[in-house]
file run-v6.pdb (PDB, C-alpha atoms)
ATOM      1  CA  MET E 155      18.213 -28.935 -35.944
ATOM      2  CA  THR E 156      17.359 -25.785 -34.048
ATOM      3  CA  CYS E 157      18.206 -25.151 -30.439
ATOM      4  CA  GLU E 158      15.584 -23.922 -28.032
ATOM      5  CA  PRO E 159      16.528 -20.569 -26.492
ATOM      6  CA  ASP E 160      17.480 -20.708 -22.855
ATOM      7  CA  ALA E 161      14.646 -19.837 -20.499
ATOM      8  CA  PRO E 162      15.206 -16.518 -18.740
ATOM      9  CA  GLN E 163      16.858 -17.007 -15.371
ATOM     10  CA  PHE E 164      14.508 -16.440 -12.460
ATOM     11  CA  ARG E 165      15.523 -13.615 -10.153
ATOM     12  CA  PRO E 166      13.387 -12.419  -7.260
ATOM     13  CA  HIS E 167      12.650  -8.724  -6.977
ATOM     14  CA  ARG E 168      15.113  -7.354  -4.427
ATOM     15  CA  VAL E 169      13.693  -5.085  -1.713
ATOM     16  CA  ALA E 170      16.246  -3.181   0.380
ATOM     17  CA  VAL E 171      15.052  -1.750   3.691
ATOM     18  CA  LEU E 172      17.144   1.184   4.895
ATOM     19  CA  ALA E 173      17.553   1.019   8.673
ATOM     20  CA  LEU E 174      18.328   4.406  10.232
ATOM     21  CA  ASP E 175      19.175   5.202  13.861
ATOM     22  CA  GLY E 176      16.046   5.807  15.914
ATOM     23  CA  LEU E 177      13.981   3.475  13.734
ATOM     24  CA  LEU E 178      10.730   1.916  14.907
ATOM     25  CA  PRO E 179      11.188  -1.886  15.109
ATOM     26  CA  PHE E 180       7.567  -2.520  14.138
ATOM     27  CA  GLU E 181       7.865  -0.556  10.907
ATOM     28  CA  LEU E 182      11.238  -2.107  10.092
ATOM     29  CA  GLY E 183       9.603  -5.531  10.211
ATOM     30  CA  ILE E 184       6.662  -4.699   7.926
ATOM     31  CA  PRO E 185       8.490  -5.117   4.568
ATOM     32  CA  HIS E 186      10.035  -8.394   5.699
ATOM     33  CA  ARG E 187       6.669  -9.760   6.753
ATOM     34  CA  ILE E 188       4.766  -8.684   3.629
ATOM     35  CA  PHE E 189       7.383  -9.171   0.895
ATOM     36  CA  GLY E 190       8.794 -12.299   2.500
ATOM     37  CA  ARG E 191       5.571 -14.251   1.916
ATOM     38  CA  PRO E 192       4.725 -14.221  -1.825
ATOM     39  CA  ARG E 193       5.792 -17.247  -3.870
ATOM     40  CA  ASP E 194       5.210 -18.312  -7.460
ATOM     41  CA  ALA E 195       3.600 -21.552  -8.661
ATOM     42  CA  LEU E 196       6.944 -23.346  -8.249
ATOM     43  CA  GLY E 197       7.271 -22.235  -4.637
ATOM     44  CA  ARG E 198      10.022 -19.707  -5.333
ATOM     45  CA  HIS E 199      10.085 -16.468  -3.354
ATOM     46  CA  LEU E 200       8.981 -13.586  -5.559
ATOM     47  CA  TYR E 201      10.934 -11.100  -3.453
ATOM     48  CA  GLU E 202      14.247 -11.063  -1.671
ATOM     49  CA  VAL E 203      14.296  -8.681   1.305
ATOM     50  CA  VAL E 204      17.550  -7.366   2.767
ATOM     51  CA  THR E 205      18.188  -4.775   5.468
ATOM     52  CA  CYS E 206      21.009  -2.299   5.156
ATOM     53  CA  SER E 207      22.459   0.648   7.033
ATOM     54  CA  VAL E 208      24.091   3.890   5.943
ATOM     55  CA  ARG E 209      27.245   2.578   7.618
ATOM     56  CA  PRO E 210      29.237  -0.653   7.374
ATOM     57  CA  PRO E 211      27.570  -3.688   9.008
ATOM     58  CA  GLY E 212      26.941  -3.197  12.705
ATOM     59  CA  PRO E 213      24.383  -2.131  15.298
ATOM     60  CA  VAL E 214      21.622   0.388  14.551
ATOM     61  CA  GLU E 215      19.809   2.070  17.437
ATOM     62  CA  THR E 216      16.029   1.850  17.675
ATOM     63  CA  ASP E 217      13.472   3.874  19.599
ATOM     64  CA  ALA E 218      13.078   0.871  21.936
ATOM     65  CA  ASP E 219      15.449  -0.399  24.615
ATOM     66  CA  PHE E 220      17.452  -2.512  22.166
ATOM     67  CA  ALA E 221      19.553  -2.133  19.043
ATOM     68  CA  ILE E 222      19.515  -4.352  15.965
ATOM     69  CA  GLN E 223      22.478  -5.885  14.172
ATOM     70  CA  VAL E 224      22.418  -4.989  10.468
ATOM     71  CA  GLU E 225      24.482  -7.231   8.222
ATOM     72  CA  HIS E 226      24.673  -5.030   5.104
ATOM     73  CA  GLY E 227      26.088  -1.604   4.338
ATOM     74  CA  PRO E 228      24.813   1.051   1.907
ATOM     75  CA  GLU E 229      26.302  -0.656  -1.143
ATOM     76  CA  VAL E 230      23.281  -2.979  -1.099
ATOM     77  CA  LEU E 231      21.176  -0.059  -2.361
ATOM     78  CA  ALA E 232      22.907  -0.359  -5.732
ATOM     79  CA  THR E 233      21.443  -3.859  -6.160
ATOM     80  CA  ALA E 234      17.863  -3.047  -5.111
ATOM     81  CA  ASP E 235      14.799  -2.968  -7.320
ATOM     82  CA  THR E 236      12.792  -1.330  -4.527
ATOM     83  CA  VAL E 237      14.102   0.663  -1.547
ATOM     84  CA  ILE E 238      11.903   1.241   1.496
ATOM     85  CA  VAL E 239      12.693   3.822   4.179
ATOM     86  CA  PRO E 240      10.832   3.135   7.462
ATOM     87  CA  ALA E 241      10.251   5.799  10.093
ATOM     88  CA  SER E 242      12.962   7.075  12.395
ATOM     89  CA  TYR E 243      12.787   9.431  15.370
ATOM     90  CA  GLU E 244      16.427  10.510  15.041
ATOM     91  CA  LEU E 245      16.692  12.040  11.580
ATOM     92  CA  GLY E 246      18.409  15.159  12.922
ATOM     93  CA  PRO E 247      18.950  17.781  10.207
ATOM     94  CA  VAL E 248      16.762  15.791   7.799
ATOM     95  CA  HIS E 249      13.747  16.313  10.048
ATOM     96  CA  GLU E 250      14.728  19.728  11.376
ATOM     97  CA  GLN E 251      16.208  21.582   8.374
ATOM     98  CA  GLY E 252      15.183  19.320   5.504
ATOM     99  CA  VAL E 253      18.753  18.486   4.455
ATOM    100  CA  LEU E 254      20.548  15.168   4.201
ATOM    101  CA  THR E 255      23.505  14.280   6.367
ATOM    102  CA  GLU E 256      26.715  13.509   4.456
ATOM    103  CA  GLU E 257      26.405   9.890   5.523
ATOM    104  CA  LEU E 258      22.865   9.561   4.236
ATOM    105  CA  ALA E 259      23.608  11.429   1.000
ATOM    106  CA  ALA E 260      26.535   9.100   0.323
ATOM    107  CA  ALA E 261      24.328   6.073   0.940
ATOM    108  CA  LEU E 262      21.582   7.277  -1.411
ATOM    109  CA  ALA E 263      24.157   7.945  -4.115
ATOM    110  CA  HIS E 264      24.284   4.148  -4.568
ATOM    111  CA  LEU E 265      20.726   4.099  -5.929
ATOM    112  CA  ARG E 266      20.332   3.100  -9.560
ATOM    113  CA  PRO E 267      18.106   5.134 -11.894
ATOM    114  CA  GLY E 268      14.627   3.624 -12.026
ATOM    115  CA  THR E 269      14.722   2.119  -8.543
ATOM    116  CA  ARG E 270      11.265   2.138  -6.967
ATOM    117  CA  LEU E 271      11.282   4.164  -3.739
ATOM    118  CA  ALA E 272       8.857   3.973  -0.821
ATOM    119  CA  SER E 273       8.617   5.449   2.660
ATOM    120  CA  ILE E 274       6.683   4.591   5.788
ATOM    121  CA  CYS E 275       5.642   7.480   8.046
ATOM    122  CA  THR E 276       8.547   9.901   8.709
ATOM    123  CA  GLY E 277      10.780   7.990   6.315
ATOM    124  CA  VAL E 278       9.273  10.399   3.785
ATOM    125  CA  TYR E 279      11.643  13.117   5.059
ATOM    126  CA  VAL E 280      14.577  11.183   3.635
ATOM    127  CA  LEU E 281      13.007  10.976   0.176
ATOM    128  CA  ALA E 282      11.985  14.633   0.390
ATOM    129  CA  ALA E 283      15.410  15.887   1.450
ATOM    130  CA  ALA E 284      16.982  13.923  -1.406
ATOM    131  CA  GLY E 285      14.700  15.723  -3.885
ATOM    132  CA  PHE E 286      12.800  12.626  -4.979
ATOM    133  CA  LEU E 287       9.434  14.168  -4.087
ATOM    134  CA  ASP E 288       9.769  17.593  -5.694
ATOM    135  CA  GLY E 289       6.638  18.327  -7.685
ATOM    136  CA  ARG E 290       4.970  15.123  -6.521
ATOM    137  CA  PRO E 291       2.121  14.253  -4.144
ATOM    138  CA  ALA E 292       3.128  12.597  -0.877
ATOM    139  CA  THR E 293       1.788  11.741   2.538
ATOM    140  CA  THR E 294       3.029  10.953   6.026
ATOM    141  CA  HIS E 295       1.557  10.575   9.500
ATOM    142  CA  TRP E 296      -1.136  13.234   9.919
ATOM    143  CA  ALA E 297       0.667  14.704  12.953
ATOM    144  CA  ASP E 298       3.771  15.377  10.836
ATOM    145  CA  ALA E 299       2.148  16.628   7.642
ATOM    146  CA  GLU E 300       2.303  20.343   8.468
ATOM    147  CA  ARG E 301       6.041  20.238   9.205
ATOM    148  CA  LEU E 302       6.686  18.233   6.038
ATOM    149  CA  GLN E 303       4.844  20.793   3.918
ATOM    150  CA  ARG E 304       6.631  23.696   5.591
ATOM    151  CA  LEU E 305      10.089  22.197   5.058
ATOM    152  CA  PHE E 306       9.395  21.062   1.507
ATOM    153  CA  PRO E 307       7.019  23.505  -0.215
ATOM    154  CA  LYS E 308       7.597  21.841  -3.605
ATOM    155  CA  ILE E 309       5.746  18.738  -2.388
ATOM    156  CA  ASP E 310       1.967  18.421  -2.528
ATOM    157  CA  VAL E 311       1.384  16.960   0.949
ATOM    158  CA  ASP E 312      -1.926  15.182   1.578
ATOM    159  CA  PRO E 313      -2.367  14.526   5.335
ATOM    160  CA  GLU E 314      -5.658  12.679   4.936
ATOM    161  CA  VAL E 315      -4.807   9.490   3.050
ATOM    162  CA  LEU E 316      -3.244   6.163   4.037
ATOM    163  CA  PHE E 317      -0.765   6.055   1.171
ATOM    164  CA  ILE E 318      -0.014   7.588  -2.214
ATOM    165  CA  ASP E 319       1.212   5.683  -5.252
ATOM    166  CA  ASP E 320       2.923   8.068  -7.663
ATOM    167  CA  GLY E 321       4.424   5.404  -9.872
ATOM    168  CA  ASP E 322       8.079   4.941  -8.982
ATOM    169  CA  VAL E 323       7.746   6.769  -5.641
ATOM    170  CA  LEU E 324       5.253   5.747  -2.958
ATOM    171  CA  THR E 325       4.658   7.213   0.495
ATOM    172  CA  SER E 326       2.472   6.169   3.415
ATOM    173  CA  ALA E 327       1.140   7.355   6.728
ATOM    174  CA  GLY E 328       2.349   5.833   9.981
ATOM    175  CA  VAL E 329       2.578   2.315  11.367
ATOM    176  CA  ALA E 330      -0.277   0.139  10.036
ATOM    177  CA  ALA E 331      -0.508   2.220   6.850
ATOM    178  CA  GLY E 332       2.905   0.780   6.022
ATOM    179  CA  ILE E 333       1.243  -2.646   5.824
ATOM    180  CA  ASP E 334      -1.352  -1.226   3.431
ATOM    181  CA  LEU E 335       1.394   0.287   1.297
ATOM    182  CA  CYS E 336       3.423  -2.932   1.068
ATOM    183  CA  LEU E 337       0.336  -4.998   0.275
ATOM    184  CA  HIS E 338      -0.520  -2.460  -2.414
ATOM    185  CA  MET E 339       2.917  -2.916  -3.995
ATOM    186  CA  VAL E 340       2.523  -6.705  -3.957
ATOM    187  CA  ARG E 341      -0.922  -6.289  -5.529
ATOM    188  CA  ARG E 342       0.513  -3.971  -8.168
ATOM    189  CA  ASP E 343       3.356  -6.375  -8.934
ATOM    190  CA  HIS E 344       1.536  -9.703  -8.859
ATOM    191  CA  GLY E 345      -2.202  -9.127  -8.633
ATOM    192  CA  THR E 346      -4.977  -9.312  -6.077
ATOM    193  CA  ALA E 347      -4.858 -13.071  -5.479
ATOM    194  CA  VAL E 348      -1.218 -12.990  -4.362
ATOM    195  CA  ALA E 349      -1.748  -9.920  -2.167
ATOM    196  CA  ASN E 350      -4.873 -11.419  -0.602
ATOM    197  CA  ASP E 351      -2.982 -14.600   0.241
ATOM    198  CA  VAL E 352      -0.278 -12.557   1.982
ATOM    199  CA  ALA E 353      -2.909 -10.580   3.889
ATOM    200  CA  ARG E 354      -4.708 -13.753   4.955
ATOM    201  CA  ARG E 355      -1.477 -15.297   6.249
ATOM    202  CA  THR E 356      -0.603 -12.058   8.034
ATOM    203  CA  VAL E 357      -4.155 -11.787   9.437
ATOM    204  CA  VAL E 358      -4.732  -8.228   8.230
ATOM    205  CA  PRO E 359      -7.394  -6.710   5.950
ATOM    206  CA  PRO E 360      -6.518  -7.581   2.334
ATOM    207  CA  HIS E 361      -7.125  -4.070   1.082
ATOM    208  CA  ARG E 362      -7.601  -0.591   2.471
ATOM    209  CA  ASP E 363      -7.796   1.934  -0.299
ATOM    210  CA  GLY E 364      -4.956   4.460  -0.323
ATOM    211  CA  GLY E 365      -7.457   7.296  -0.352
ATOM    212  CA  GLN E 366      -9.114   6.151   2.851
ATOM    213  CA  ALA E 367      -8.879   8.643   5.700
ATOM    214  CA  GLN E 368      -5.972   7.910   8.037
ATOM    215  CA  TYR E 369      -7.567   9.698  10.966
ATOM    216  CA  ILE E 370     -11.216   9.179  11.866
ATOM    217  CA  GLU E 371     -12.501  11.453  14.597
ATOM    218  CA  ARG E 372     -14.254   8.641  16.425
ATOM    219  CA  PRO E 373     -12.690   5.384  15.147
ATOM    220  CA  VAL E 374     -14.065   3.215  17.966
ATOM    221  CA  PRO E 375     -17.858   3.429  18.227
ATOM    222  CA  ASP E 376     -19.538   3.833  21.565
ATOM    223  CA  PRO E 377     -20.103   0.249  22.810
ATOM    224  CA  GLN E 378     -23.635   1.272  23.794
ATOM    225  CA  LEU E 379     -24.452   2.038  20.144
ATOM    226  CA  SER E 380     -25.180  -0.457  17.395
ATOM    227  CA  GLY E 381     -22.568  -0.826  14.667
ATOM    228  CA  THR E 382     -22.723  -1.432  10.939
ATOM    229  CA  THR E 383     -20.784  -4.703  10.724
ATOM    230  CA  SER E 384     -23.817  -6.839   9.915
ATOM    231  CA  ALA E 385     -24.882  -4.514   7.132
ATOM    232  CA  ARG E 386     -21.442  -4.663   5.549
ATOM    233  CA  ALA E 387     -21.402  -8.463   5.696
ATOM    234  CA  TRP E 388     -24.891  -8.521   4.198
ATOM    235  CA  ALA E 389     -23.816  -6.244   1.346
ATOM    236  CA  LEU E 390     -20.641  -8.220   0.588
ATOM    237  CA  GLY E 391     -22.763 -11.306   0.003
ATOM    238  CA  ARG E 392     -24.934  -9.434  -2.497
ATOM    239  CA  LEU E 393     -22.526  -7.312  -4.516
ATOM    240  CA  HIS E 394     -24.038  -8.695  -7.734
ATOM    241  CA  GLU E 395     -27.438  -7.284  -6.789
ATOM    242  CA  PRO E 396     -28.682  -3.682  -6.673
ATOM    243  CA  ILE E 397     -28.143  -2.477  -3.086
ATOM    244  CA  GLN E 398     -29.946   0.541  -1.758
ATOM    245  CA  LEU E 399     -28.808   2.564   1.235
ATOM    246  CA  ARG E 400     -32.156   2.007   2.910
ATOM    247  CA  ASP E 401     -31.668  -1.765   2.569
ATOM    248  CA  MET E 402     -28.310  -1.595   4.353
ATOM    249  CA  ALA E 403     -29.774   0.613   7.079
ATOM    250  CA  ALA E 404     -32.624  -1.858   7.543
ATOM    251  CA  GLN E 405     -30.125  -4.609   8.386
ATOM    252  CA  GLU E 406     -29.217  -2.614  11.505
ATOM    253  CA  SER E 407     -32.757  -1.365  12.174
ATOM    254  CA  MET E 408     -31.578   2.225  11.751
ATOM    255  CA  SER E 409     -32.852   5.200   9.848
ATOM    256  CA  VAL E 410     -30.866   6.051   6.732
ATOM    257  CA  ARG E 411     -29.554   9.218   8.374
ATOM    258  CA  THR E 412     -28.372   7.436  11.531
ATOM    259  CA  PHE E 413     -26.883   4.557   9.570
ATOM    260  CA  THR E 414     -24.964   6.867   7.247
ATOM    261  CA  ARG E 415     -23.495   8.804  10.181
ATOM    262  CA  ARG E 416     -22.585   5.631  12.096
ATOM    263  CA  PHE E 417     -21.083   4.026   8.975
ATOM    264  CA  ARG E 418     -18.806   6.979   8.314
ATOM    265  CA  GLU E 419     -17.713   7.042  11.970
ATOM    266  CA  GLU E 420     -16.703   3.381  11.792
ATOM    267  CA  VAL E 421     -15.317   3.060   8.278
ATOM    268  CA  GLY E 422     -14.185   6.582   7.403
ATOM    269  CA  VAL E 423     -16.093   6.806   4.104
ATOM    270  CA  SER E 424     -19.741   6.921   3.084
ATOM    271  CA  PRO E 425     -21.679   3.679   2.444
ATOM    272  CA  GLY E 426     -21.775   4.504  -1.266
ATOM    273  CA  GLN E 427     -18.008   4.993  -1.485
ATOM    274  CA  TRP E 428     -17.390   1.791   0.460
ATOM    275  CA  LEU E 429     -19.753  -0.195  -1.759
ATOM    276  CA  THR E 430     -18.069   1.054  -4.926
ATOM    277  CA  ARG E 431     -14.655   0.075  -3.576
ATOM    278  CA  GLN E 432     -15.864  -3.434  -2.746
ATOM    279  CA  ARG E 433     -17.246  -3.812  -6.259
ATOM    280  CA  VAL E 434     -13.983  -2.620  -7.774
ATOM    281  CA  GLU E 435     -12.129  -5.227  -5.696
ATOM    282  CA  ARG E 436     -14.584  -7.911  -6.780
ATOM    283  CA  ALA E 437     -14.114  -6.931 -10.420
ATOM    284  CA  ARG E 438     -10.331  -7.008 -10.056
ATOM    285  CA  HIS E 439     -10.457 -10.495  -8.585
ATOM    286  CA  LEU E 440     -12.685 -11.803 -11.378
ATOM    287  CA  LEU E 441     -10.631 -10.181 -14.118
ATOM    288  CA  GLU E 442      -7.485 -11.783 -12.723
ATOM    289  CA  SER E 443      -8.774 -15.228 -11.822
ATOM    290  CA  THR E 444     -11.484 -16.081 -14.377
ATOM    291  CA  ASP E 445     -12.128 -16.057 -18.109
ATOM    292  CA  LEU E 446     -15.538 -14.444 -17.700
ATOM    293  CA  SER E 447     -16.356 -11.805 -20.278
ATOM    294  CA  VAL E 448     -16.066  -8.172 -19.248
ATOM    295  CA  GLU E 449     -19.850  -7.928 -19.431
ATOM    296  CA  GLN E 450     -20.282 -10.894 -17.068
ATOM    297  CA  VAL E 451     -17.661  -9.524 -14.656
ATOM    298  CA  ALA E 452     -19.534  -6.216 -14.592
ATOM    299  CA  GLN E 453     -22.773  -8.013 -13.701
ATOM    300  CA  ASP E 454     -21.194 -10.251 -11.052
ATOM    301  CA  ALA E 455     -19.458  -7.276  -9.434
ATOM    302  CA  GLY E 456     -22.687  -5.306  -9.318
ATOM    303  CA  PHE E 457     -21.845  -2.604 -11.866
ATOM    304  CA  GLY E 458     -24.629  -3.720 -14.174
ATOM    305  CA  THR E 459     -22.986  -2.780 -17.461
ATOM    306  CA  ALA E 460     -19.485  -3.005 -18.882
ATOM    307  CA  GLN E 461     -19.516   0.736 -19.481
ATOM    308  CA  SER E 462     -20.271   1.455 -15.831
ATOM    309  CA  MET E 463     -17.490  -0.869 -14.678
ATOM    310  CA  ARG E 464     -15.090   0.657 -17.170
ATOM    311  CA  GLN E 465     -15.763   4.125 -15.775
ATOM    312  CA  HIS E 466     -15.267   2.997 -12.168
ATOM    313  CA  LEU E 467     -12.061   1.058 -12.877
ATOM    314  CA  GLN E 468     -10.699   3.959 -14.878
ATOM    315  CA  ALA E 469     -11.404   6.296 -11.957
ATOM    316  CA  ALA E 470     -10.006   3.949  -9.302
ATOM    317  CA  LEU E 471      -7.066   2.354 -11.131
ATOM    318  CA  GLY E 472      -6.443   4.463 -14.208
ATOM    319  CA  VAL E 473      -6.899   1.492 -16.582
ATOM    320  CA  THR E 474      -9.699  -0.188 -18.503
ATOM    321  CA  PRO E 475     -10.931  -3.693 -17.543
ATOM    322  CA  THR E 476      -9.303  -5.173 -20.639
ATOM    323  CA  SER E 477      -5.941  -3.548 -19.907
ATOM    324  CA  TYR E 478      -6.123  -4.606 -16.283
ATOM    325  CA  ARG E 479      -6.826  -8.223 -17.220
ATOM    326  CA  ARG E 480      -4.073  -8.262 -19.833
ATOM    327  CA  THR E 481      -1.535  -6.978 -17.305
ATOM    328  CA  PHE E 482      -2.415  -9.088 -14.291
ATOM    329  CA  ARG E 483      -3.371 -12.342 -15.983
ATOM    330  CA  ALA E 484       0.080 -12.244 -17.627
ATOM    331  CA  THR E 485       1.679 -11.521 -14.258
ATOM    332  CA  VAL E 486      -0.128 -14.323 -12.467
ATOM    333  CA  ARG E 487       0.736 -16.904 -15.136
ATOM    334  CA  THR E 488       4.466 -16.176 -15.294
TER     335      THR E 488
END

call {"tool": "encode", "arguments": {"input": "run-v6.pdb", "output": "structure tokens"}}
result
Amino acid sequence: MTCEPDAPQFRPHRVAVLALDGLLPFELGIPHRIFGRPRDALGRHLYEVVTCSVRPPGPVETDADFAIQVEHGPEVLATADTVIVPASYELGPVHEQGVLTEELAAALAHLRPGTRLASICTGVYVLAAAGFLDGRPATTHWADAERLQRLFPKIDVDPEVLFIDDGDVLTSAGVAAGIDLCLHMVRRDHGTAVANDVARRTVVPPHRDGGQAQYIERPVPDPQLSGTTSARAWALGRLHEPIQLRDMAAQESMSVRTFTRRFREEVGVSPGQWLTRQRVERARHLLESTDLSVEQVAQDAGFGTAQSMRQHLQAALGVTPTSYRRTFRATVRT
């Protein structure tokens, strides 16, 4: 008689949020809101989120008129699978000279090799001062990008994008971009369906591409001018069909030139770029949630051929459709 091997013990992915003096309460709450939602088919939380300080448990000052009580000290960092550093307005020598305080250096010494690191807005200064970003691309709030590049010339700072995923180190722009970053990590860990469910429950857009511009010169259109919302809704319902720019413009009774300008003002990218991103998202969803052939997924997503879809997924995600399906179907089913 043979004994069945014991099933591996379930353990949620532990996310530690490092609360520093001068932190922004909104950004501190983002990881808890996003990572606190996902559950598996048995209803178990996929993540465990804990907040820690660089000091023993106690109050941490915020940039608001209240402090928060943090129940964990820096030793929690040694148990984390992912560590997130939200923004702070009181980083002192970290922000001014690009060097860690003794207290912060001692806290980061608890990190285990291989821990995934992420920052929201000016939290990037902490990762930079610790040397985690040397030779890597990174971003932060557009208003802080020049200082970041000046203090840390070894970093390739991109002030234009919402977030950058460089594997085990991720950085984002300010405030709402932190939501995009955390949703991206959930999507990377557990697939589009799980991330979309979190976004729906949080009432935020399910996906804003990391390469989307973080600062649009005129983000709110003149109320006297027509928008492009109807055209986008029209296109989303017809992703499986060939869609011409003139057809989208016709939905708003605009010339192609006017429509293209208005679209970029509202969305931050061209209609063609936006349409490709929507088709990539559609393909991802179908690859994860159906058993359709790659050829059928390509047709339903509007790419026409498997080769075309393969090229677009390779450019957007760095993987082939088959590899993507193998990875995320396995993730979703476990």

call {"tool": "residues_around", "arguments": {"input": "run-v6.pdb", "residues": "Gly285 in chain E", "least_positions_apart": "3", "cutoff": "12 Å", "atoms": "only C-alpha atoms", "output": "ChimeraX atom specification"}}
result
/E:248,252-254,259,262,278-282,288-290,305-309,323

call {"tool": "atom_distance", "arguments": {"input": "run-v6.pdb", "atom1": "CA of Ser207 in chain E", "atom2": "CA of Val230 in chain E"}}
result
8.9 Å

call {"tool": "closest_residue", "arguments": {"input": "run-v6.pdb", "among": "E:Thr430, E:Asp320, E:Glu435, E:Cys275", "to": "Ser462 in chain E", "atoms": "all atoms listed in the file"}}
result
E:Thr430

call {"tool": "resolve_selection", "arguments": {"input": "run-v6.pdb", "expression": "the PyMOL selection byres ((chain E and resi 296) around 9)", "output": "count of residues only"}}
result
15

call {"tool": "resolve_selection", "arguments": {"input": "run-v6.pdb", "expression": "the PyMOL selection byres ((chain E and resi 184-192) around 10)", "output": "PyMOL selection string"}}
result
chain E and resi 167-171+179-183+193-194+197-205+238-240+274+329-330+332-337+339-340+344+348-349+351-353+355-356

call {"tool": "resolve_selection", "arguments": {"input": "run-v6.pdb", "expression": "the PyMOL selection byres ((chain E and resi 173-175) around 7)", "output": "MDAnalysis selection string"}}
result
chainID E and resid 171:172 176:177 205:207 214:216 242 244

call {"tool": "write_last_selection", "arguments": {"input": "run-v6.pdb", "atoms": "C-alpha atoms", "output": "compact mmCIF listing (two decimals), in the frame of the given file"}}
result
# COMPACT_ATOMS: atom_id res chain seq x y z
CA VAL E 171 15.05 -1.75 3.69
CA LEU E 172 17.14 1.18 4.89
CA GLY E 176 16.05 5.81 15.91
CA LEU E 177 13.98 3.48 13.73
CA THR E 205 18.19 -4.78 5.47
CA CYS E 206 21.01 -2.30 5.16
CA SER E 207 22.46 0.65 7.03
CA VAL E 214 21.62 0.39 14.55
CA GLU E 215 19.81 2.07 17.44
CA THR E 216 16.03 1.85 17.68
CA SER E 242 12.96 7.08 12.40
CA GLU E 244 16.43 10.51 15.04

call {"tool": "residues_around", "arguments": {"input": "run-v6.pdb", "residues": "Arg479 in chain E", "least_positions_apart": "3", "cutoff": "7 Å", "atoms": "only C-alpha atoms", "output": "PyMOL selection string"}}
result
chain E and resi 441-442+475-476+482-483

call {"tool": "residues_around", "arguments": {"input": "run-v6.pdb", "residues": "Gln432 in chain E", "least_positions_apart": "3", "cutoff": "8 Å", "atoms": "only C-alpha atoms", "output": "list in words"}}
result
Leu390, Leu393, Trp428, Leu429, Glu435 and Arg436 of chain E

call {"tool": "residues_around", "arguments": {"input": "run-v6.pdb", "residues": "His466 in chain E", "least_positions_apart": "2", "cutoff": "12 Å", "atoms": "all atoms listed in the file", "output": "ChimeraX atom specification"}}
result
/E:427,429-435,437-438,452,455-464,468-475

call {"tool": "decode", "arguments": {"input": "run-v6.pdb", "residues": "range 388-413 of chain E", "atoms": "C-alpha atoms", "output": "mmCIF file, in the first residue's frame"}}
result
data_model
loop_
_atom_site.group_PDB
_atom_site.id
_atom_site.type_symbol
_atom_site.label_atom_id
_atom_site.label_comp_id
_atom_site.auth_asym_id
_atom_site.auth_seq_id
_atom_site.Cartn_x
_atom_site.Cartn_y
_atom_site.Cartn_z
ATOM 1 C CA TRP E 388 -18.335 51.333 -30.246
ATOM 2 C CA ALA E 389 -14.864 49.939 -30.937
ATOM 3 C CA LEU E 390 -14.805 47.760 -27.804
ATOM 4 C CA GLY E 391 -17.946 46.020 -29.018
ATOM 5 C CA ARG E 392 -16.315 45.243 -32.365
ATOM 6 C CA LEU E 393 -12.753 44.251 -31.531
ATOM 7 C CA HIS E 394 -13.172 41.079 -33.610
ATOM 8 C CA GLU E 395 -13.857 43.159 -36.716
ATOM 9 C CA PRO E 396 -11.525 45.323 -38.817
ATOM 10 C CA ILE E 397 -11.812 48.871 -37.426
ATOM 11 C CA GLN E 398 -10.688 51.842 -39.432
ATOM 12 C CA LEU E 399 -9.817 55.217 -37.950
ATOM 13 C CA ARG E 400 -12.371 56.883 -40.190
ATOM 14 C CA ASP E 401 -15.067 54.567 -38.794
ATOM 15 C CA MET E 402 -14.254 55.604 -35.224
ATOM 16 C CA ALA E 403 -14.220 59.276 -36.208
ATOM 17 C CA ALA E 404 -17.606 58.854 -37.880
ATOM 18 C CA GLN E 405 -19.121 57.731 -34.569
ATOM 19 C CA GLU E 406 -18.422 61.235 -33.239
ATOM 20 C CA SER E 407 -19.183 63.022 -36.519
ATOM 21 C CA MET E 408 -15.616 64.329 -36.644
ATOM 22 C CA SER E 409 -12.964 64.478 -39.298
ATOM 23 C CA VAL E 410 -10.149 61.975 -38.860
ATOM 24 C CA ARG E 411 -7.722 64.777 -38.022
ATOM 25 C CA THR E 412 -9.970 66.315 -35.353
ATOM 26 C CA PHE E 413 -10.852 62.935 -33.887
#
